[in-house]
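Coordinates as given in model_37.tsv (TSV, N, CA and C atoms and all ligand atoms):
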chain	number	residue	atom	x	y	z
A	28	MET	N	83.76	183.47	70.55
A	28	MET	CA	83.31	182.83	69.30
A	28	MET	C	84.38	181.87	68.78
A	29	ALA	N	85.61	182.33	68.80
A	29	ALA	CA	86.73	181.50	68.31
A	29	ALA	C	86.83	180.21	69.12
A	30	ILE	N	86.59	180.34	70.40
A	30	ILE	CA	86.68	179.16	71.27
A	30	ILE	C	85.61	178.13	70.90
A	31	VAL	N	84.41	178.63	70.65
A	31	VAL	CA	83.31	177.75	70.30
A	31	VAL	C	83.62	177.01	69.00
A	32	GLU	N	84.15	177.74	68.02
A	32	GLU	CA	84.47	177.12	66.74
A	32	GLU	C	85.53	176.03	66.90
A	33	ALA	N	86.52	176.33	67.71
A	33	ALA	CA	87.58	175.35	67.95
A	33	ALA	C	87.01	174.09	68.57
A	34	ARG	N	86.09	174.27	69.48
A	34	ARG	CA	85.49	173.13	70.16
A	34	ARG	C	84.65	172.29	69.19
A	35	LEU	N	84.01	172.96	68.28
A	35	LEU	CA	83.12	172.25	67.36
A	35	LEU	C	83.87	171.39	66.36
A	36	ARG	N	85.14	171.70	66.12
A	36	ARG	CA	85.91	170.88	65.18
A	36	ARG	C	86.23	169.52	65.78
A	37	TRP	N	86.16	169.42	67.08
A	37	TRP	CA	86.51	168.16	67.72
A	37	TRP	C	85.43	167.12	67.45
A	38	HIS	N	85.87	165.94	67.08
A	38	HIS	CA	84.89	164.90	66.78
A	38	HIS	C	84.54	164.10	68.02
A	39	LEU	N	85.22	164.36	69.13
A	39	LEU	CA	84.85	163.67	70.35
A	39	LEU	C	84.84	164.62	71.52
A	40	ARG	N	84.15	164.21	72.53
A	40	ARG	CA	84.07	165.05	73.72
A	40	ARG	C	84.00	164.20	74.97
A	41	LYS	N	84.12	164.88	76.08
A	41	LYS	CA	84.10	164.22	77.39
A	41	LYS	C	82.88	163.31	77.53
A	42	GLY	N	83.13	162.10	78.01
A	42	GLY	CA	82.02	161.17	78.23
A	42	GLY	C	81.79	160.21	77.08
A	43	ASP	N	82.37	160.51	75.90
A	43	ASP	CA	82.23	159.62	74.75
A	43	ASP	C	82.96	158.31	74.99
A	44	MET	N	82.45	157.24	74.39
A	44	MET	CA	83.18	155.99	74.34
A	44	MET	C	84.01	156.05	73.06
A	45	VAL	N	85.31	155.80	73.19
A	45	VAL	CA	86.17	155.89	72.01
A	45	VAL	C	87.00	154.61	71.84
A	46	GLU	N	87.46	154.41	70.62
A	46	GLU	CA	88.35	153.29	70.34
A	46	GLU	C	89.66	153.84	69.79
A	47	VAL	N	90.76	153.24	70.23
A	47	VAL	CA	92.06	153.65	69.73
A	47	VAL	C	92.28	152.97	68.39
A	48	ILE	N	92.65	153.74	67.37
A	48	ILE	CA	92.77	153.16	66.03
A	48	ILE	C	94.22	153.10	65.56
A	49	GLY	N	95.15	153.47	66.41
A	49	GLY	CA	96.55	153.38	66.00
A	49	GLY	C	97.45	153.36	67.21
A	50	GLY	N	98.71	153.04	66.99
A	50	GLY	CA	99.66	153.00	68.08
A	50	GLY	C	99.55	151.70	68.86
A	51	LYS	N	100.24	151.63	69.98
A	51	LYS	CA	100.31	150.34	70.67
A	51	LYS	C	99.04	149.99	71.44
A	52	PHE	N	98.12	150.94	71.55
A	52	PHE	CA	96.87	150.64	72.25
A	52	PHE	C	95.72	150.41	71.28
A	53	ARG	N	96.07	150.20	70.03
A	53	ARG	CA	95.08	149.97	68.99
A	53	ARG	C	94.04	148.93	69.41
A	54	GLY	N	92.77	149.26	69.22
A	54	GLY	CA	91.71	148.32	69.54
A	54	GLY	C	91.15	148.48	70.95
A	55	LYS	N	91.86	149.22	71.78
A	55	LYS	CA	91.36	149.43	73.14
A	55	LYS	C	90.25	150.46	73.16
A	56	ARG	N	89.32	150.24	74.08
A	56	ARG	CA	88.22	151.19	74.20
A	56	ARG	C	88.13	151.75	75.59
A	57	GLY	N	87.64	152.95	75.69
A	57	GLY	CA	87.46	153.56	77.00
A	57	GLY	C	86.65	154.83	76.89
A	58	LYS	N	86.34	155.38	78.04
A	58	LYS	CA	85.55	156.60	78.09
A	58	LYS	C	86.48	157.81	78.14
A	59	VAL	N	86.11	158.84	77.43
A	59	VAL	CA	86.89	160.08	77.45
A	59	VAL	C	86.72	160.77	78.80
A	60	LEU	N	87.84	160.92	79.51
A	60	LEU	CA	87.78	161.57	80.80
A	60	LEU	C	88.03	163.08	80.68
A	61	ARG	N	88.95	163.42	79.78
A	61	ARG	CA	89.30	164.83	79.62
A	61	ARG	C	89.75	165.09	78.20
A	62	VAL	N	89.39	166.24	77.69
A	62	VAL	CA	89.85	166.66	76.38
A	62	VAL	C	90.78	167.85	76.58
A	63	LEU	N	92.04	167.67	76.15
A	63	LEU	CA	93.03	168.74	76.29
A	63	LEU	C	93.09	169.49	74.95
A	64	THR	N	92.19	170.43	74.80
A	64	THR	CA	92.01	171.11	73.52
A	64	THR	C	93.30	171.73	72.99
A	65	ASP	N	94.02	172.40	73.85
A	65	ASP	CA	95.23	173.10	73.41
A	65	ASP	C	96.30	172.14	72.89
A	66	GLU	N	96.38	170.97	73.49
A	66	GLU	CA	97.41	170.01	73.12
A	66	GLU	C	96.98	169.05	72.03
A	67	GLY	N	95.69	169.03	71.73
A	67	GLY	CA	95.19	168.07	70.75
A	67	GLY	C	95.24	166.65	71.28
A	68	ARG	N	95.11	166.53	72.57
A	68	ARG	CA	95.19	165.22	73.20
A	68	ARG	C	93.98	164.95	74.08
A	69	VAL	N	93.79	163.67	74.34
A	69	VAL	CA	92.61	163.24	75.08
A	69	VAL	C	93.02	162.20	76.12
A	70	ILE	N	92.44	162.28	77.28
A	70	ILE	CA	92.68	161.26	78.30
A	70	ILE	C	91.53	160.27	78.28
A	71	VAL	N	91.89	159.01	78.05
A	71	VAL	CA	90.89	157.95	77.94
A	71	VAL	C	91.03	157.02	79.15
A	72	GLU	N	89.89	156.71	79.74
A	72	GLU	CA	89.86	155.90	80.95
A	72	GLU	C	90.52	154.54	80.74
A	73	ARG	N	91.46	154.20	81.58
A	73	ARG	CA	92.16	152.90	81.60
A	73	ARG	C	92.98	152.62	80.34
A	74	VAL	N	93.28	153.62	79.53
A	74	VAL	CA	94.12	153.41	78.36
A	74	VAL	C	95.36	154.29	78.49
A	75	ASN	N	96.50	153.72	78.11
A	75	ASN	CA	97.78	154.42	78.19
A	75	ASN	C	98.15	154.76	79.64
A	76	LEU	N	98.05	153.75	80.48
A	76	LEU	CA	98.37	153.96	81.89
A	76	LEU	C	99.87	154.06	82.08
A	77	VAL	N	100.26	155.02	82.87
A	77	VAL	CA	101.66	155.13	83.24
A	77	VAL	C	101.75	155.12	84.76
A	78	LYS	N	102.84	154.58	85.23
A	78	LYS	CA	103.01	154.48	86.67
A	78	LYS	C	103.71	155.71	87.21
A	79	HIS	N	103.14	156.26	88.23
A	79	HIS	CA	103.76	157.38	88.91
A	79	HIS	C	104.23	156.93	90.28
A	80	HIS	N	105.44	157.29	90.61
A	80	HIS	CA	105.92	156.98	91.95
A	80	HIS	C	105.59	158.15	92.86
A	81	MET	N	104.84	157.85	93.89
A	81	MET	CA	104.40	158.90	94.79
A	81	MET	C	105.21	158.85	96.08
A	82	LYS	N	105.64	160.03	96.49
A	82	LYS	CA	106.28	160.10	97.80
A	82	LYS	C	105.17	160.16	98.85
A	83	PRO	N	105.41	159.52	99.97
A	83	PRO	CA	104.38	159.61	101.01
A	83	PRO	C	104.22	161.05	101.47
A	84	ASN	N	103.01	161.47	101.66
A	84	ASN	CA	102.75	162.81	102.16
A	84	ASN	C	102.07	162.67	103.52
A	85	ILE	N	102.89	162.75	104.55
A	85	ILE	CA	102.38	162.49	105.89
A	85	ILE	C	101.36	163.55	106.32
A	86	ALA	N	101.60	164.77	105.93
A	86	ALA	CA	100.68	165.86	106.29
A	86	ALA	C	99.27	165.58	105.77
A	87	LYS	N	99.20	165.01	104.56
A	87	LYS	CA	97.90	164.71	103.98
A	87	LYS	C	97.44	163.29	104.29
A	88	GLY	N	98.27	162.55	105.02
A	88	GLY	CA	97.91	161.18	105.37
A	88	GLY	C	97.96	160.21	104.20
A	89	GLN	N	98.73	160.56	103.15
A	89	GLN	CA	98.81	159.69	101.99
A	89	GLN	C	100.01	158.77	102.07
A	90	GLN	N	99.78	157.54	101.70
A	90	GLN	CA	100.89	156.60	101.64
A	90	GLN	C	101.62	156.78	100.32
A	91	GLY	N	102.90	156.49	100.33
A	91	GLY	CA	103.66	156.53	99.09
A	91	GLY	C	103.38	155.28	98.28
A	92	GLY	N	104.02	155.18	97.15
A	92	GLY	CA	103.85	153.97	96.36
A	92	GLY	C	103.68	154.30	94.90
A	93	ILE	N	103.18	153.32	94.17
A	93	ILE	CA	103.03	153.50	92.73
A	93	ILE	C	101.55	153.64	92.41
A	94	VAL	N	101.22	154.70	91.74
A	94	VAL	CA	99.84	154.83	91.27
A	94	VAL	C	99.83	154.86	89.74
A	95	GLU	N	98.80	154.28	89.18
A	95	GLU	CA	98.66	154.30	87.74
A	95	GLU	C	97.74	155.45	87.34
A	96	LYS	N	98.18	156.13	86.31
A	96	LYS	CA	97.39	157.27	85.85
A	96	LYS	C	97.37	157.27	84.34
A	97	GLU	N	96.25	157.72	83.78
A	97	GLU	CA	96.14	157.77	82.33
A	97	GLU	C	96.99	158.92	81.77
A	98	ALA	N	97.74	158.61	80.71
A	98	ALA	CA	98.46	159.65	79.98
A	98	ALA	C	97.65	159.99	78.73
A	99	PRO	N	97.72	161.24	78.29
A	99	PRO	CA	96.91	161.64	77.14
A	99	PRO	C	97.33	160.97	75.84
A	100	LEU	N	96.36	160.75	74.97
A	100	LEU	CA	96.60	160.18	73.65
A	100	LEU	C	96.29	161.24	72.59
A	101	PRO	N	97.01	161.19	71.46
A	101	PRO	CA	96.69	162.15	70.40
A	101	PRO	C	95.28	161.91	69.84
A	102	VAL	N	94.55	162.95	69.63
A	102	VAL	CA	93.15	162.82	69.21
A	102	VAL	C	93.03	162.10	67.85
A	103	ALA	N	94.04	162.22	67.02
A	103	ALA	CA	94.01	161.58	65.70
A	103	ALA	C	93.97	160.06	65.79
A	104	ARG	N	94.34	159.52	66.93
A	104	ARG	CA	94.34	158.07	67.09
A	104	ARG	C	93.04	157.53	67.69
A	105	LEU	N	92.07	158.40	67.84
A	105	LEU	CA	90.84	157.97	68.50
A	105	LEU	C	89.62	158.15	67.60
A	106	MET	N	88.72	157.21	67.72
A	106	MET	CA	87.45	157.31	67.01
A	106	MET	C	86.32	157.10	67.98
A	107	VAL	N	85.23	157.78	67.75
A	107	VAL	CA	84.06	157.63	68.62
A	107	VAL	C	83.39	156.28	68.33
A	108	VAL	N	83.01	155.60	69.40
A	108	VAL	CA	82.26	154.36	69.25
A	108	VAL	C	80.77	154.71	69.28
A	109	CYS	N	80.08	154.28	68.26
A	109	CYS	CA	78.65	154.59	68.14
A	109	CYS	C	77.84	153.82	69.18
A	110	THR	N	76.91	154.51	69.81
A	110	THR	CA	76.11	153.89	70.86
A	110	THR	C	75.10	152.89	70.29
A	111	ARG	N	74.79	153.01	69.01
A	111	ARG	CA	73.81	152.11	68.43
A	111	ARG	C	74.44	150.90	67.75
A	112	CYS	N	75.36	151.12	66.81
A	112	CYS	CA	75.91	149.98	66.09
A	112	CYS	C	77.15	149.41	66.78
A	113	GLY	N	77.69	150.13	67.77
A	113	GLY	CA	78.81	149.61	68.55
A	113	GLY	C	80.13	149.59	67.80
A	114	GLU	N	80.18	150.26	66.68
A	114	GLU	CA	81.41	150.29	65.88
A	114	GLU	C	82.13	151.62	66.09
A	115	ALA	N	83.46	151.58	65.96
A	115	ALA	CA	84.22	152.82	65.90
A	115	ALA	C	83.89	153.45	64.56
A	116	ALA	N	83.28	154.60	64.59
A	116	ALA	CA	82.73	155.14	63.36
A	116	ALA	C	83.19	156.56	63.11
A	117	ARG	N	83.22	156.91	61.85
A	117	ARG	CA	83.42	158.31	61.51
A	117	ARG	C	82.14	159.06	61.86
A	118	THR	N	82.32	160.28	62.28
A	118	THR	CA	81.13	161.05	62.62
A	118	THR	C	80.95	162.18	61.63
A	119	GLY	N	79.70	162.48	61.38
A	119	GLY	CA	79.36	163.63	60.57
A	119	GLY	C	78.61	164.61	61.44
A	120	ARG	N	78.29	165.73	60.87
A	120	ARG	CA	77.52	166.72	61.63
A	120	ARG	C	76.27	167.05	60.87
A	121	ARG	N	75.21	167.25	61.61
A	121	ARG	CA	74.03	167.77	60.97
A	121	ARG	C	73.41	168.83	61.87
A	122	ILE	N	72.65	169.69	61.24
A	122	ILE	CA	72.03	170.78	61.99
A	122	ILE	C	70.54	170.50	62.09
A	123	LEU	N	70.06	170.48	63.31
A	123	LEU	CA	68.65	170.20	63.54
A	123	LEU	C	67.80	171.44	63.21
A	124	ASP	N	66.50	171.22	63.17
A	124	ASP	CA	65.57	172.31	62.84
A	124	ASP	C	65.73	173.50	63.78
A	125	ASP	N	66.05	173.22	65.05
A	125	ASP	CA	66.20	174.33	66.00
A	125	ASP	C	67.60	174.95	65.98
A	126	GLY	N	68.45	174.50	65.06
A	126	GLY	CA	69.77	175.11	64.90
A	126	GLY	C	70.89	174.41	65.65
A	127	THR	N	70.56	173.43	66.49
A	127	THR	CA	71.62	172.73	67.23
A	127	THR	C	72.41	171.83	66.29
A	128	LYS	N	73.72	171.88	66.49
A	128	LYS	CA	74.59	170.99	65.71
A	128	LYS	C	74.75	169.68	66.47
A	129	VAL	N	74.53	168.61	65.80
A	129	VAL	CA	74.71	167.31	66.44
A	129	VAL	C	75.63	166.44	65.60
A	130	ARG	N	76.30	165.52	66.26
A	130	ARG	CA	77.14	164.58	65.54
A	130	ARG	C	76.33	163.32	65.28
A	131	TYR	N	76.64	162.67	64.20
A	131	TYR	CA	75.97	161.40	63.93
A	131	TYR	C	76.97	160.40	63.40
A	132	CYS	N	76.60	159.13	63.54
A	132	CYS	CA	77.44	158.03	63.08
A	132	CYS	C	77.27	157.88	61.58
A	133	LYS	N	78.38	157.91	60.85
A	133	LYS	CA	78.29	157.81	59.39
A	133	LYS	C	78.00	156.39	58.94
A	134	ARG	N	78.10	155.45	59.88
A	134	ARG	CA	77.85	154.07	59.55
A	134	ARG	C	76.36	153.73	59.57
A	135	CYS	N	75.71	154.11	60.69
A	135	CYS	CA	74.29	153.75	60.82
A	135	CYS	C	73.37	154.96	60.87
A	136	GLY	N	73.95	156.16	60.94
A	136	GLY	CA	73.13	157.36	60.92
A	136	GLY	C	72.62	157.79	62.28
A	137	GLU	N	72.95	157.03	63.31
A	137	GLU	CA	72.47	157.36	64.66
A	137	GLU	C	73.04	158.70	65.12
A	138	GLN	N	72.17	159.49	65.72
A	138	GLN	CA	72.59	160.76	66.31
A	138	GLN	C	73.33	160.47	67.61
A	139	LEU	N	74.47	161.10	67.79
A	139	LEU	CA	75.27	160.78	68.98
A	139	LEU	C	74.96	161.69	70.17
A	140	GLU	N	74.43	162.85	69.90
A	140	GLU	CA	74.03	163.73	71.01
A	140	GLU	C	72.60	163.41	71.39
A	141	LYS	N	72.37	163.33	72.66
A	141	LYS	CA	71.01	163.00	73.08
A	141	LYS	C	70.28	164.26	73.50
B	1	ZN	ZN	76.39	153.67	64.34
Kindly transcribe the structure held in the file into structure tokens.
Amino acid sequence: MAIVEARLRWHLRKGDMVEVIGGKFRGKRGKVLRVLTDEGRVIVERVNLVKHHMKPNIAKGQQGGIVEKEAPLPVARLMVVCTRCGEAARTGRRILDDGTKVRYCKRCGEQLEK
């Protein structure tokens, strides 16, 4: 139960389109690849890329070199982009008749869960 409640406090989830609202990546948008609940951080596709130097792994047939990988961003710096109005919007929650909790865009009222 505690886990479910913790998850529900999150205003974004995997697969959401989000916009960075602070820090040096402000204004960038990307898809949420992973939500690191314990750390309060989120990995956003193609945002906050860091270069990793890889050693060649001959056993696995991998070449060495530099690979770019997304580093997590603090969740407080991210806002969900509404699928309808296309704006980075604050989200609210509403409870449907069948009891499901859904998020909605506070700007245009669009329901974000399909
Ligand atoms: Zn909207």
Pick out the residues sitting within 8 Å of Arg40 of chain A, and hand them over as JSON, numbers by chain; count only C-alpha atoms, and ignore anything fewer than 4 positions along from it in its own chain.
{"A": [59, 61, 62]}
For the atom pair atom N of Gly57 of chain A and atom N of Gly42 of chain A, what is the interatomic distance in Å to one decimal place?
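Separation of atom N of Gly57 of chain A and atom N of Gly42 of chain A: 10.5 Å.
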Grab the atom C of Val45 of chain A to atom N of His79 of chain A distance for me, in Å with one decimal place.
23.1 Å
Met106 of chain A environment, 7 Å, all atoms listed in the file, sequence neighbours closer than 2 positions dropped, as a ChimeraX atom specification:
/A:44-48,102-104,108-109,115-117
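Using only N, CA and C atoms and all ligand atoms, we find that the residues with an atom at most 6.5 Å from any atom of ligand ZN 1 (chain B) are Cys109, Thr110, Arg111, Cys112, Gly113, Glu114, Cys132, Lys133, Arg134, Cys135, Gly136 and Glu137 of chain A.
Distances to Leu60 of chain A were evaluated for A:Glu140, A:Asn84, A:Lys128, A:Ala98 using only C-alpha atoms, and the minimum falls at A:Ala98.
Nearest to Val129 of chain A of all the residues A:Lys87, A:Lys141, A:Glu66, A:Leu105 is A:Lys141, based on all atoms listed in the file.
With atom C of Trp37 of chain A on one side and atom N of Leu100 of chain A on the other, the separation reads 14.7 Å.
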Neighbours of point (81.7, 165.2, 66.6) within 6 Å, using all atoms listed in the file, written as an NGL selection string:
:A and (37-39 or 118 or 130)
Resulting file, chosen residues, N, CA and C atoms, as a compact mmCIF listing (two decimals), in the frame of the given file:
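Writing the result to selection19.txt gives the following:
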# COMPACT_ATOMS: atom_id res chain seq x y z
N TRP A 37 86.16 169.42 67.08
CA TRP A 37 86.51 168.16 67.72
C TRP A 37 85.43 167.12 67.45
N HIS A 38 85.87 165.94 67.08
CA HIS A 38 84.89 164.90 66.78
C HIS A 38 84.54 164.10 68.02
N LEU A 39 85.22 164.36 69.13
CA LEU A 39 84.85 163.67 70.35
C LEU A 39 84.84 164.62 71.52
N THR A 118 82.32 160.28 62.28
CA THR A 118 81.13 161.05 62.62
C THR A 118 80.95 162.18 61.63
N ARG A 130 76.30 165.52 66.26
CA ARG A 130 77.14 164.58 65.54
C ARG A 130 76.33 163.32 65.28
Among segment 35-134 of chain A, which residues carry a DSSP assignment of helix (DSSP H, G or I), reported as an NGL selection string?
:A and (35 or 102-104)
